[in-house]
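S.K.: data.cif is reproduced in full below (mmCIF, C-alpha atoms, pLDDT in the B column; chains and numbers go by the auth columns).
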```cif
data_query
loop_
_atom_site.group_PDB
_atom_site.id
_atom_site.type_symbol
_atom_site.label_atom_id
_atom_site.label_comp_id
_atom_site.label_asym_id
_atom_site.label_seq_id
_atom_site.Cartn_x
_atom_site.Cartn_y
_atom_site.Cartn_z
_atom_site.B_iso_or_equiv
_atom_site.auth_seq_id
_atom_site.auth_asym_id
ATOM 1 C CA GLY A 1 6.297 1.015 5.481 82.00 1 P
ATOM 2 C CA ASP A 2 4.988 1.844 2.047 87.00 2 P
ATOM 3 C CA SER A 3 1.417 3.071 1.633 91.00 3 P
ATOM 4 C CA VAL A 4 -0.948 3.878 -1.213 94.00 4 P
ATOM 5 C CA THR A 5 -3.807 6.360 -0.895 95.00 5 P
ATOM 6 C CA GLN A 6 -6.554 6.566 -3.485 96.00 6 P
ATOM 7 C CA THR A 7 -9.962 8.182 -3.909 95.00 7 P
ATOM 8 C CA GLU A 8 -12.091 6.774 -1.133 91.00 8 P
ATOM 9 C CA GLY A 9 -15.332 4.872 -1.416 92.00 9 P
ATOM 10 C CA GLN A 10 -17.427 5.115 -4.538 95.00 10 P
ATOM 11 C CA VAL A 11 -17.287 7.345 -7.577 97.00 11 P
ATOM 12 C CA THR A 12 -20.427 7.705 -9.696 97.00 12 P
ATOM 13 C CA VAL A 13 -20.086 8.917 -13.262 97.00 13 P
ATOM 14 C CA SER A 14 -22.606 9.178 -16.077 97.00 14 P
ATOM 15 C CA GLU A 15 -21.912 7.207 -19.210 97.00 15 P
ATOM 16 C CA SER A 16 -19.687 9.009 -21.730 97.00 16 P
ATOM 17 C CA LYS A 17 -18.391 11.415 -19.082 97.00 17 P
ATOM 18 C CA SER A 18 -14.770 11.627 -17.997 98.00 18 P
ATOM 19 C CA LEU A 19 -13.273 9.895 -14.982 97.00 19 P
ATOM 20 C CA ILE A 20 -10.351 10.489 -12.670 98.00 20 P
ATOM 21 C CA ILE A 21 -9.451 8.329 -9.683 98.00 21 P
ATOM 22 C CA ASN A 22 -6.627 9.780 -7.641 98.00 22 P
ATOM 23 C CA CYS A 23 -3.701 7.750 -6.352 98.00 23 P
ATOM 24 C CA THR A 24 -0.651 8.874 -4.419 97.00 24 P
ATOM 25 C CA TYR A 25 1.964 6.805 -2.679 95.00 25 P
ATOM 26 C CA SER A 26 4.410 7.099 0.158 92.00 26 P
ATOM 27 C CA ALA A 27 7.504 4.913 0.100 85.00 27 P
ATOM 28 C CA THR A 28 10.233 4.304 2.636 81.00 28 P
ATOM 29 C CA SER A 29 12.841 3.211 0.089 80.00 29 P
ATOM 30 C CA ILE A 30 14.897 5.490 -2.103 80.00 30 P
ATOM 31 C CA GLY A 31 14.071 5.407 -5.785 82.00 31 P
ATOM 32 C CA TYR A 32 10.946 4.837 -7.802 86.00 32 P
ATOM 33 C CA PRO A 33 8.694 1.814 -7.374 90.00 33 P
ATOM 34 C CA ASN A 34 6.681 0.188 -10.135 92.00 34 P
ATOM 35 C CA LEU A 35 3.090 1.425 -10.165 95.00 35 P
ATOM 36 C CA PHE A 36 -0.032 -0.490 -11.110 96.00 36 P
ATOM 37 C CA TRP A 37 -3.774 -0.232 -11.518 97.00 37 P
ATOM 38 C CA TYR A 38 -5.762 -3.398 -10.924 96.00 38 P
ATOM 39 C CA VAL A 39 -9.470 -3.867 -11.567 96.00 39 P
ATOM 40 C CA ARG A 40 -12.059 -6.244 -10.207 93.00 40 P
ATOM 41 C CA TYR A 41 -15.192 -6.562 -12.317 93.00 41 P
ATOM 42 C CA PRO A 42 -18.343 -7.968 -10.657 89.00 42 P
ATOM 43 C CA GLY A 43 -18.049 -11.720 -10.259 83.00 43 P
ATOM 44 C CA GLU A 44 -14.470 -11.842 -11.529 86.00 44 P
ATOM 45 C CA GLY A 45 -10.979 -11.998 -10.034 86.00 45 P
ATOM 46 C CA LEU A 46 -8.553 -9.141 -9.604 92.00 46 P
ATOM 47 C CA GLN A 47 -6.746 -8.420 -12.865 93.00 47 P
ATOM 48 C CA LEU A 48 -4.036 -6.081 -14.035 95.00 48 P
ATOM 49 C CA LEU A 49 -5.357 -3.052 -15.907 97.00 49 P
ATOM 50 C CA LEU A 50 -2.108 -1.197 -16.575 97.00 50 P
ATOM 51 C CA LYS A 51 1.339 -0.653 -15.160 95.00 51 P
ATOM 52 C CA VAL A 52 4.288 1.721 -15.442 95.00 52 P
ATOM 53 C CA ILE A 53 7.751 0.656 -14.348 91.00 53 P
ATOM 54 C CA THR A 54 9.625 3.820 -15.340 91.00 54 P
ATOM 55 C CA ALA A 55 9.030 7.085 -13.522 89.00 55 P
ATOM 56 C CA GLY A 56 7.657 9.760 -15.822 90.00 56 P
ATOM 57 C CA GLN A 57 6.065 7.352 -18.284 94.00 57 P
ATOM 58 C CA LYS A 58 2.397 6.800 -19.086 96.00 58 P
ATOM 59 C CA GLY A 59 0.551 3.510 -19.169 96.00 59 P
ATOM 60 C CA SER A 60 -2.691 2.850 -21.016 97.00 60 P
ATOM 61 C CA SER A 61 -5.180 0.047 -21.522 97.00 61 P
ATOM 62 C CA ARG A 62 -8.848 -0.257 -22.537 95.00 62 P
ATOM 63 C CA GLY A 63 -9.095 3.526 -22.874 97.00 63 P
ATOM 64 C CA PHE A 64 -7.677 4.151 -19.385 98.00 64 P
ATOM 65 C CA GLU A 65 -4.472 6.096 -18.840 98.00 65 P
ATOM 66 C CA ALA A 66 -2.222 6.799 -15.874 98.00 66 P
ATOM 67 C CA THR A 67 0.946 8.886 -15.775 96.00 67 P
ATOM 68 C CA TYR A 68 3.698 8.231 -13.258 96.00 68 P
ATOM 69 C CA ASN A 69 4.440 11.627 -11.702 95.00 69 P
ATOM 70 C CA LYS A 70 7.591 11.070 -9.661 90.00 70 P
ATOM 71 C CA GLU A 71 7.645 14.606 -8.199 91.00 71 P
ATOM 72 C CA ALA A 72 4.094 14.365 -6.899 92.00 72 P
ATOM 73 C CA THR A 73 4.398 10.605 -6.247 94.00 73 P
ATOM 74 C CA SER A 74 1.067 10.216 -7.985 96.00 74 P
ATOM 75 C CA PHE A 75 -0.450 7.807 -10.491 97.00 75 P
ATOM 76 C CA HIS A 76 -3.996 9.021 -11.176 98.00 76 P
ATOM 77 C CA LEU A 77 -6.246 6.889 -13.354 98.00 77 P
ATOM 78 C CA GLN A 78 -8.169 8.691 -16.100 98.00 78 P
ATOM 79 C CA LYS A 79 -10.577 7.880 -18.861 98.00 79 P
ATOM 80 C CA ALA A 80 -12.088 10.384 -21.267 98.00 80 P
ATOM 81 C CA SER A 81 -15.412 8.627 -21.764 97.00 81 P
ATOM 82 C CA VAL A 82 -16.585 5.844 -19.453 98.00 82 P
ATOM 83 C CA GLN A 83 -18.952 3.058 -20.351 97.00 83 P
ATOM 84 C CA GLU A 84 -21.325 1.067 -18.188 96.00 84 P
ATOM 85 C CA SER A 85 -19.026 -1.946 -18.580 96.00 85 P
ATOM 86 C CA ASP A 86 -16.297 -0.012 -16.738 97.00 86 P
ATOM 87 C CA SER A 87 -18.252 -0.368 -13.487 97.00 87 P
ATOM 88 C CA ALA A 88 -15.856 -2.185 -11.163 97.00 88 P
ATOM 89 C CA VAL A 89 -13.520 -1.713 -8.206 95.00 89 P
ATOM 90 C CA TYR A 90 -10.153 -0.172 -9.080 97.00 90 P
ATOM 91 C CA TYR A 91 -7.001 -0.623 -6.984 97.00 91 P
ATOM 92 C CA CYS A 92 -3.798 1.364 -7.192 97.00 92 P
ATOM 93 C CA ALA A 93 -0.668 -0.518 -6.119 95.00 93 P
ATOM 94 C CA LEU A 94 3.096 -0.229 -5.934 93.00 94 P
ATOM 95 C CA ARG A 95 5.905 -2.751 -5.979 90.00 95 P
ATOM 96 C CA TRP A 96 9.680 -2.599 -5.531 84.00 96 P
ATOM 97 C CA GLY A 97 11.352 -4.960 -7.975 72.00 97 P
ATOM 98 C CA PHE A 98 10.070 -8.455 -7.288 67.00 98 P
ATOM 99 C CA ASN A 99 8.857 -7.697 -3.778 72.00 99 P
ATOM 100 C CA LYS A 100 5.257 -7.747 -2.631 81.00 100 P
ATOM 101 C CA LEU A 101 2.482 -5.604 -4.079 88.00 101 P
ATOM 102 C CA THR A 102 1.157 -2.908 -1.732 91.00 102 P
ATOM 103 C CA PHE A 103 -2.413 -1.902 -2.524 94.00 103 P
ATOM 104 C CA GLY A 104 -4.628 1.098 -1.928 94.00 104 P
ATOM 105 C CA ALA A 105 -8.067 0.604 -0.395 93.00 105 P
ATOM 106 C CA GLY A 106 -9.857 0.439 -3.726 95.00 106 P
ATOM 107 C CA THR A 107 -12.346 2.777 -5.403 96.00 107 P
ATOM 108 C CA ARG A 108 -15.692 1.526 -6.613 96.00 108 P
ATOM 109 C CA LEU A 109 -16.744 3.042 -9.940 97.00 109 P
ATOM 110 C CA ALA A 110 -20.430 3.092 -10.760 97.00 110 P
ATOM 111 C CA VAL A 111 -21.289 4.217 -14.283 97.00 111 P
ATOM 112 C CA CYS A 112 -24.887 5.338 -14.778 95.00 112 P
ATOM 113 C CA PRO A 113 -26.606 5.004 -18.132 91.00 113 P
ATOM 114 C CA GLU B 1 -6.953 -23.266 -19.083 70.00 1 K
ATOM 115 C CA THR B 2 -4.056 -21.528 -17.330 73.00 2 K
ATOM 116 C CA ALA B 3 -4.990 -19.548 -14.275 93.00 3 K
ATOM 117 C CA VAL B 4 -5.051 -19.424 -10.480 95.00 4 K
ATOM 118 C CA PHE B 5 -7.774 -21.582 -8.977 96.00 5 K
ATOM 119 C CA GLN B 6 -9.088 -21.222 -5.453 96.00 6 K
ATOM 120 C CA THR B 7 -11.467 -23.442 -3.499 96.00 7 K
ATOM 121 C CA PRO B 8 -13.878 -23.036 -1.886 97.00 8 K
ATOM 122 C CA ASN B 9 -15.480 -19.846 -3.166 94.00 9 K
ATOM 123 C CA TYR B 10 -17.317 -19.311 0.084 96.00 10 K
ATOM 124 C CA HIS B 11 -17.139 -20.832 3.539 97.00 11 K
ATOM 125 C CA VAL B 12 -19.159 -20.264 6.708 98.00 12 K
ATOM 126 C CA THR B 13 -17.882 -21.625 9.989 98.00 13 K
ATOM 127 C CA GLN B 14 -18.140 -21.121 13.710 98.00 14 K
ATOM 128 C CA VAL B 15 -15.626 -19.512 16.027 98.00 15 K
ATOM 129 C CA GLY B 16 -12.969 -21.987 17.110 97.00 16 K
ATOM 130 C CA ASN B 17 -13.176 -24.268 14.070 98.00 17 K
ATOM 131 C CA GLU B 18 -10.308 -25.060 11.721 98.00 18 K
ATOM 132 C CA VAL B 19 -10.560 -24.185 8.035 98.00 19 K
ATOM 133 C CA SER B 20 -8.339 -24.829 5.061 97.00 20 K
ATOM 134 C CA PHE B 21 -8.302 -23.063 1.705 98.00 21 K
ATOM 135 C CA ASN B 22 -6.727 -24.414 -1.439 97.00 22 K
ATOM 136 C CA CYS B 23 -4.902 -22.602 -4.210 97.00 23 K
ATOM 137 C CA LYS B 24 -3.437 -24.031 -7.380 97.00 24 K
ATOM 138 C CA GLN B 25 -1.832 -22.270 -10.333 97.00 25 K
ATOM 139 C CA THR B 26 -1.316 -23.738 -13.788 96.00 26 K
ATOM 140 C CA LEU B 27 0.769 -20.869 -15.134 95.00 27 K
ATOM 141 C CA GLY B 28 4.165 -22.424 -14.434 94.00 28 K
ATOM 142 C CA HIS B 29 4.986 -19.656 -11.949 94.00 29 K
ATOM 143 C CA ASP B 30 7.477 -20.240 -9.150 93.00 30 K
ATOM 144 C CA THR B 31 6.090 -17.814 -6.556 93.00 31 K
ATOM 145 C CA MET B 32 2.702 -17.765 -4.838 94.00 32 K
ATOM 146 C CA TYR B 33 1.043 -15.391 -2.392 94.00 33 K
ATOM 147 C CA TRP B 34 -1.847 -15.122 0.013 95.00 34 K
ATOM 148 C CA TYR B 35 -3.531 -11.758 0.490 95.00 35 K
ATOM 149 C CA LYS B 36 -6.311 -10.868 2.909 95.00 36 K
ATOM 150 C CA GLN B 37 -9.017 -8.354 2.033 92.00 37 K
ATOM 151 C CA ASP B 38 -10.736 -7.175 5.178 87.00 38 K
ATOM 152 C CA SER B 39 -14.103 -5.511 5.729 81.00 39 K
ATOM 153 C CA LYS B 40 -12.620 -2.133 4.792 80.00 40 K
ATOM 154 C CA LYS B 41 -11.542 -3.644 1.448 79.00 41 K
ATOM 155 C CA LEU B 42 -7.850 -3.246 2.267 84.00 42 K
ATOM 156 C CA LEU B 43 -5.688 -5.859 0.529 91.00 43 K
ATOM 157 C CA LYS B 44 -2.718 -6.925 2.625 91.00 44 K
ATOM 158 C CA ILE B 45 -0.137 -9.597 1.960 91.00 45 K
ATOM 159 C CA MET B 46 0.070 -12.450 4.435 92.00 46 K
ATOM 160 C CA PHE B 47 2.572 -14.927 2.974 90.00 47 K
ATOM 161 C CA SER B 48 4.718 -15.503 -0.055 90.00 48 K
ATOM 162 C CA TYR B 49 6.396 -18.720 -1.183 90.00 49 K
ATOM 163 C CA ASN B 50 9.080 -19.166 -3.830 88.00 50 K
ATOM 164 C CA ASN B 51 9.699 -22.752 -4.948 83.00 51 K
ATOM 165 C CA LYS B 52 8.127 -24.059 -1.739 81.00 52 K
ATOM 166 C CA GLN B 53 10.255 -21.780 0.422 83.00 53 K
ATOM 167 C CA LEU B 54 8.658 -19.128 2.615 84.00 54 K
ATOM 168 C CA ILE B 55 10.038 -15.720 1.609 80.00 55 K
ATOM 169 C CA VAL B 56 7.484 -13.297 3.062 77.00 56 K
ATOM 170 C CA ASN B 57 5.718 -13.731 6.361 76.00 57 K
ATOM 171 C CA GLU B 58 3.946 -10.583 7.395 79.00 58 K
ATOM 172 C CA THR B 59 2.725 -10.080 10.918 79.00 59 K
ATOM 173 C CA VAL B 60 -0.213 -12.443 11.034 87.00 60 K
ATOM 174 C CA PRO B 61 -1.568 -14.416 14.013 91.00 61 K
ATOM 175 C CA ARG B 62 0.049 -17.796 14.608 92.00 62 K
ATOM 176 C CA ARG B 63 -3.234 -19.570 13.908 95.00 63 K
ATOM 177 C CA PHE B 64 -2.600 -18.889 10.205 95.00 64 K
ATOM 178 C CA SER B 65 -0.243 -21.315 8.498 93.00 65 K
ATOM 179 C CA PRO B 66 0.564 -21.662 4.795 92.00 66 K
ATOM 180 C CA GLN B 67 1.260 -25.082 3.312 92.00 67 K
ATOM 181 C CA SER B 68 3.097 -25.668 0.054 91.00 68 K
ATOM 182 C CA SER B 69 3.521 -29.162 -1.409 90.00 69 K
ATOM 183 C CA ASP B 70 5.056 -27.909 -4.649 92.00 70 K
ATOM 184 C CA LYS B 71 5.467 -24.643 -6.464 91.00 71 K
ATOM 185 C CA ALA B 72 2.023 -24.931 -8.058 95.00 72 K
ATOM 186 C CA HIS B 73 0.113 -25.238 -4.781 96.00 73 K
ATOM 187 C CA LEU B 74 -0.146 -22.973 -1.773 95.00 74 K
ATOM 188 C CA ASN B 75 -2.845 -23.745 0.778 96.00 75 K
ATOM 189 C CA LEU B 76 -3.825 -21.708 3.811 96.00 76 K
ATOM 190 C CA ARG B 77 -4.909 -23.231 7.092 97.00 77 K
ATOM 191 C CA ILE B 78 -6.496 -21.325 9.948 97.00 78 K
ATOM 192 C CA LYS B 79 -6.637 -23.085 13.290 95.00 79 K
ATOM 193 C CA SER B 80 -9.351 -21.933 15.662 95.00 80 K
ATOM 194 C CA VAL B 81 -10.885 -19.135 13.594 97.00 81 K
ATOM 195 C CA GLU B 82 -11.988 -15.882 15.210 97.00 82 K
ATOM 196 C CA PRO B 83 -14.620 -13.345 14.075 96.00 83 K
ATOM 197 C CA GLU B 84 -11.980 -10.947 12.755 94.00 84 K
ATOM 198 C CA ASP B 85 -10.838 -13.632 10.323 96.00 85 K
ATOM 199 C CA SER B 86 -13.988 -12.981 8.278 96.00 86 K
ATOM 200 C CA ALA B 87 -12.599 -11.650 5.016 96.00 87 K
ATOM 201 C CA VAL B 88 -11.856 -12.486 1.409 95.00 88 K
ATOM 202 C CA TYR B 89 -8.611 -14.402 0.946 97.00 89 K
ATOM 203 C CA LEU B 90 -6.918 -13.931 -2.408 96.00 90 K
ATOM 204 C CA CYS B 91 -4.269 -16.228 -3.802 96.00 91 K
ATOM 205 C CA ALA B 92 -1.867 -15.017 -6.498 95.00 92 K
ATOM 206 C CA SER B 93 1.164 -16.213 -8.401 95.00 93 K
ATOM 207 C CA SER B 94 4.033 -14.732 -10.391 92.00 94 K
ATOM 208 C CA GLN B 95 7.551 -15.447 -11.551 90.00 95 K
ATOM 209 C CA PHE B 96 10.253 -14.462 -9.096 86.00 96 K
ATOM 210 C CA ARG B 97 11.862 -11.829 -11.275 82.00 97 K
ATOM 211 C CA VAL B 98 11.734 -8.089 -11.577 77.00 98 K
ATOM 212 C CA ASN B 99 8.578 -6.740 -13.221 76.00 99 K
ATOM 213 C CA SER B 100 6.824 -10.093 -13.354 84.00 100 K
ATOM 214 C CA ASP B 101 3.038 -9.665 -13.285 88.00 101 K
ATOM 215 C CA TYR B 102 0.803 -11.217 -10.675 92.00 102 K
ATOM 216 C CA THR B 103 -2.185 -13.371 -11.577 93.00 103 K
ATOM 217 C CA PHE B 104 -4.914 -13.543 -8.945 94.00 104 K
ATOM 218 C CA GLY B 105 -7.506 -16.144 -8.141 94.00 105 K
ATOM 219 C CA SER B 106 -11.155 -15.227 -7.674 92.00 106 K
ATOM 220 C CA GLY B 107 -10.905 -15.393 -3.896 94.00 107 K
ATOM 221 C CA THR B 108 -12.343 -17.352 -0.980 96.00 108 K
ATOM 222 C CA ARG B 109 -14.853 -15.508 1.187 96.00 109 K
ATOM 223 C CA LEU B 110 -14.789 -16.641 4.817 97.00 110 K
ATOM 224 C CA LEU B 111 -17.569 -15.816 7.254 97.00 111 K
ATOM 225 C CA VAL B 112 -16.998 -16.657 10.907 97.00 112 K
ATOM 226 C CA ILE B 113 -20.150 -16.706 13.041 96.00 113 K
#
```
Rewrite the structure of this file - the entire thing - as structure tokens.

M.R.:
Amino acid sequence: GDSVTQTEGQVTVSESKSLIINCTYSATSIGYPNLFWYVRYPGEGLQLLLKVITAGQKGSSRGFEATYNKEATSFHLQKASVQESDSAVYYCALRWGFNKLTFGAGTRLAVCP
Amino acid sequence: ETAVFQTPNYHVTQVGNEVSFNCKQTLGHDTMYWYKQDSKKLLKIMFSYNNKQLIVNETVPRRFSPQSSDKAHLNLRIKSVEPEDSAVYLCASSQFRVNSDYTFGSGTRLLVI
């Protein structure tokens, strides 16, 4: 079946520094799935951060960006300058049409002041 | 307020007991899901219902059974819980169409002792 692999465990970044969380996927179907980044802030539910439904396009939200690289089957999450409020758990996910979401294992981001 | 509401937030029970979790969405969506997040933080789909009809039933033990009274409600019952059922259970909803976004509840944490 499909699988999503992302940066494992926790990433610690100092405030105002840049961030990259890697995400690659492996899919059993032919074509290009929709790709997503979800975020879970402390004490809150899982929410959509950004998505890209067309291979080759870039999605952005709240200063975060991710580019759908169809050759590398990657969708890395980047931010040029993180803030303490960005501390959360980030999940990469894929979806074919209106089928189920398949998630990565999550990456915890800790931003130090 | 329109959202996905889950109860309870947290539940502790003993091995062999029966538990039931509730999920309600007020977004007017026609599809609802149950996901399980295990101790390794992996999020995996368990069930999906569209207009009260089961459309996804992943390989889960028979002691798990979803219950849908209408398209706004999807409950989860676990008969005779086991230690490995300790996890966070996330409910979500969406419209059954291509590129429809999911909305997640805040989760129910189950601890089996």

S.K.: Return as a list in words the set of residues that the PyMOL selection byres ((chain K) within 9 of (chain P)) yields on the displayed structure.

M.R.: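 This file gives the following for the PyMOL selection byres ((chain K) within 9 of (chain P)): Tyr33, Lys40, Lys41, Leu42, Leu43, Lys44, Ile45, Ser48, Val56, Leu90, Gln95, Phe96, Arg97, Val98, Asn99, Ser100, Asp101, Tyr102, Thr103, Phe104, Gly105, Ser106 and Gly107 of chain K.
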
S.K.: Hey, can you spit out that residue selection with C-alpha atoms as a CSV table (one decimal), keeping the file's coordinate frame?

M.R.:
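Listing of again_16.csv after writing:
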```csv
chain,number,residue,atom,x,y,z
K,33,TYR,CA,1.0,-15.4,-2.4
K,40,LYS,CA,-12.6,-2.1,4.8
K,41,LYS,CA,-11.5,-3.6,1.4
K,42,LEU,CA,-7.8,-3.2,2.3
K,43,LEU,CA,-5.7,-5.9,0.5
K,44,LYS,CA,-2.7,-6.9,2.6
K,45,ILE,CA,-0.1,-9.6,2.0
K,48,SER,CA,4.7,-15.5,-0.1
K,56,VAL,CA,7.5,-13.3,3.1
K,90,LEU,CA,-6.9,-13.9,-2.4
K,95,GLN,CA,7.6,-15.4,-11.6
K,96,PHE,CA,10.3,-14.5,-9.1
K,97,ARG,CA,11.9,-11.8,-11.3
K,98,VAL,CA,11.7,-8.1,-11.6
K,99,ASN,CA,8.6,-6.7,-13.2
K,100,SER,CA,6.8,-10.1,-13.4
K,101,ASP,CA,3.0,-9.7,-13.3
K,102,TYR,CA,0.8,-11.2,-10.7
K,103,THR,CA,-2.2,-13.4,-11.6
K,104,PHE,CA,-4.9,-13.5,-8.9
K,105,GLY,CA,-7.5,-16.1,-8.1
K,106,SER,CA,-11.2,-15.2,-7.7
K,107,GLY,CA,-10.9,-15.4,-3.9
```

S.K.: What does the structure give for the distance between CA of Asn22 in chain K and CA of Val39 in chain P, in Å to one decimal?

M.R.: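 Straight-line distance from CA of Asn22 in chain K to CA of Val39 in chain P works out to 23.1 Å.
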
S.K.: Between CA of Val4 in chain K and CA of Thr31 in chain K, what is the spacing in Å?

M.R.: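 Rounded to one decimal, the two atoms are 11.9 Å apart.
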
S.K.: Closest to Asn50 in chain K among K:Ile78, K:Ser65, K:Thr2, K:Met32, using all atoms listed in the file?

M.R.: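 The closest residue to Asn50 in chain K is K:Met32.
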
S.K.: Please write as a list of chain:residue names the full residue list that the PyMOL selection byres ((chain K and resi 5) around 7) yields on this file.

M.R.: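 For this structure, the PyMOL selection byres ((chain K and resi 5) around 7) captures K:Ala3, K:Val4, K:Gln6, K:Thr7, K:Cys23, K:Lys24, K:Gln25, K:Gly105.
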
S.K.: At a cut-off of 8 Å, using all atoms listed in the file, what residues contact Lys70 in chain P? Leave out same-chain residues fewer than 5 positions from it and give the result as an NGL selection string.

M.R.: :P and (32 or 55-56)

S.K.: Could you write out as a PDB file with C-alpha atoms, keeping the file's coordinate frame the residues that the PyMOL selection byres ((chain P and resi 65) around 6) matches in the shown file?

M.R.:
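Full text of result27.pdb as output:
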```
ATOM      1  CA  GLY P  59       0.551   3.510 -19.169  1.00 96.00           C
ATOM      2  CA  SER P  60      -2.691   2.850 -21.016  1.00 97.00           C
ATOM      3  CA  PHE P  64      -7.677   4.151 -19.385  1.00 98.00           C
ATOM      4  CA  ALA P  66      -2.222   6.799 -15.874  1.00 98.00           C
ATOM      5  CA  LEU P  77      -6.246   6.889 -13.354  1.00 98.00           C
ATOM      6  CA  GLN P  78      -8.169   8.691 -16.100  1.00 98.00           C
TER       7      GLN P  78
END
```

S.K.: Determine the nearest neighbour of Tyr89 in chain K from the options K:Asn9, K:Thr108, K:Gln53, K:Ser69, counting only C-alpha atoms.

M.R.: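 Of K:Asn9, K:Thr108, K:Gln53, K:Ser69, the one nearest Tyr89 in chain K is K:Thr108, counting only C-alpha atoms.
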
S.K.: Go through P:Leu49, P:Val111, P:Cys92, P:Ala27 and flag the residue nearest His76 in chain P, using only C-alpha atoms for the distances.

M.R.: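 So, comparing all the options, the nearest one is P:Cys92.
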
S.K.: Compile the contact shell of Tyr41 in chain P as a PyMOL selection string: residues with an atom at most 9 Å away, counting only C-alpha atoms, same-chain residues fewer than 5 positions apart removed.

M.R.: chain P and resi 46-47+85-90

S.K.: If you measure from CA of Ser26 in chain P to CA of Asp2 in chain P, what distance in Å do you get, rounded to one decimal?

M.R.: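 Between CA of Ser26 in chain P and CA of Asp2 in chain P the gap works out to 5.6 Å.
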
S.K.: Could you list as a ChimeraX atom specification every residue that has an atom within 6 Å of (2.5, -18.6, -12.7), using the file's coordinates and counting all atoms listed in the file?

M.R.: /K:27-29,93-94

S.K.: Report, as lines of an AutoDock Vina configuration file, the centre and edge lengths in Å (one decimal) of the axis-aligned box enclosing every listed atom of range 71-89 of chain P, padded by 6 Å on each side.

M.R.:
```
center_x = -6.8
center_y = 6.2
center_z = -14.0
size_x = 41.0
size_y = 28.8
size_z = 27.5
```

S.K.: Residues near Val81 in chain K, anyone? I mean within 8 Å using all atoms listed in the file, not counting same-chain ones fewer than 5 positions away, as a list in words.

M.R.: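 Contacts, with the query itself left out: Gln14, Val15, Gly16, Asn17, Glu18, Val19, Arg63 and Val112 of chain K.
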
S.K.: Just want the 8 Å neighbourhood of Pro113 in chain P, counted on all atoms listed in the file, with same-chain residues fewer than 4 positions away dropped. Output as a list in words.

M.R.: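 That gives Ser14, Glu15 and Glu84 of chain P.
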
S.K.: Given only C-alpha atoms as the basis, pick out the residue of P:Lys58, P:Cys112, P:Ser81, P:Thr73 nearest to Asn22 in chain P.

M.R.: P:Thr73

S.K.: Pick the closest to Pro83 in chain K from K:Tyr35, K:Thr13, K:Asp30, K:Asn57: which is it, counting all atoms listed in the file?

M.R.: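 With all atoms listed in the file as the atom set, the closest residue is K:Thr13.
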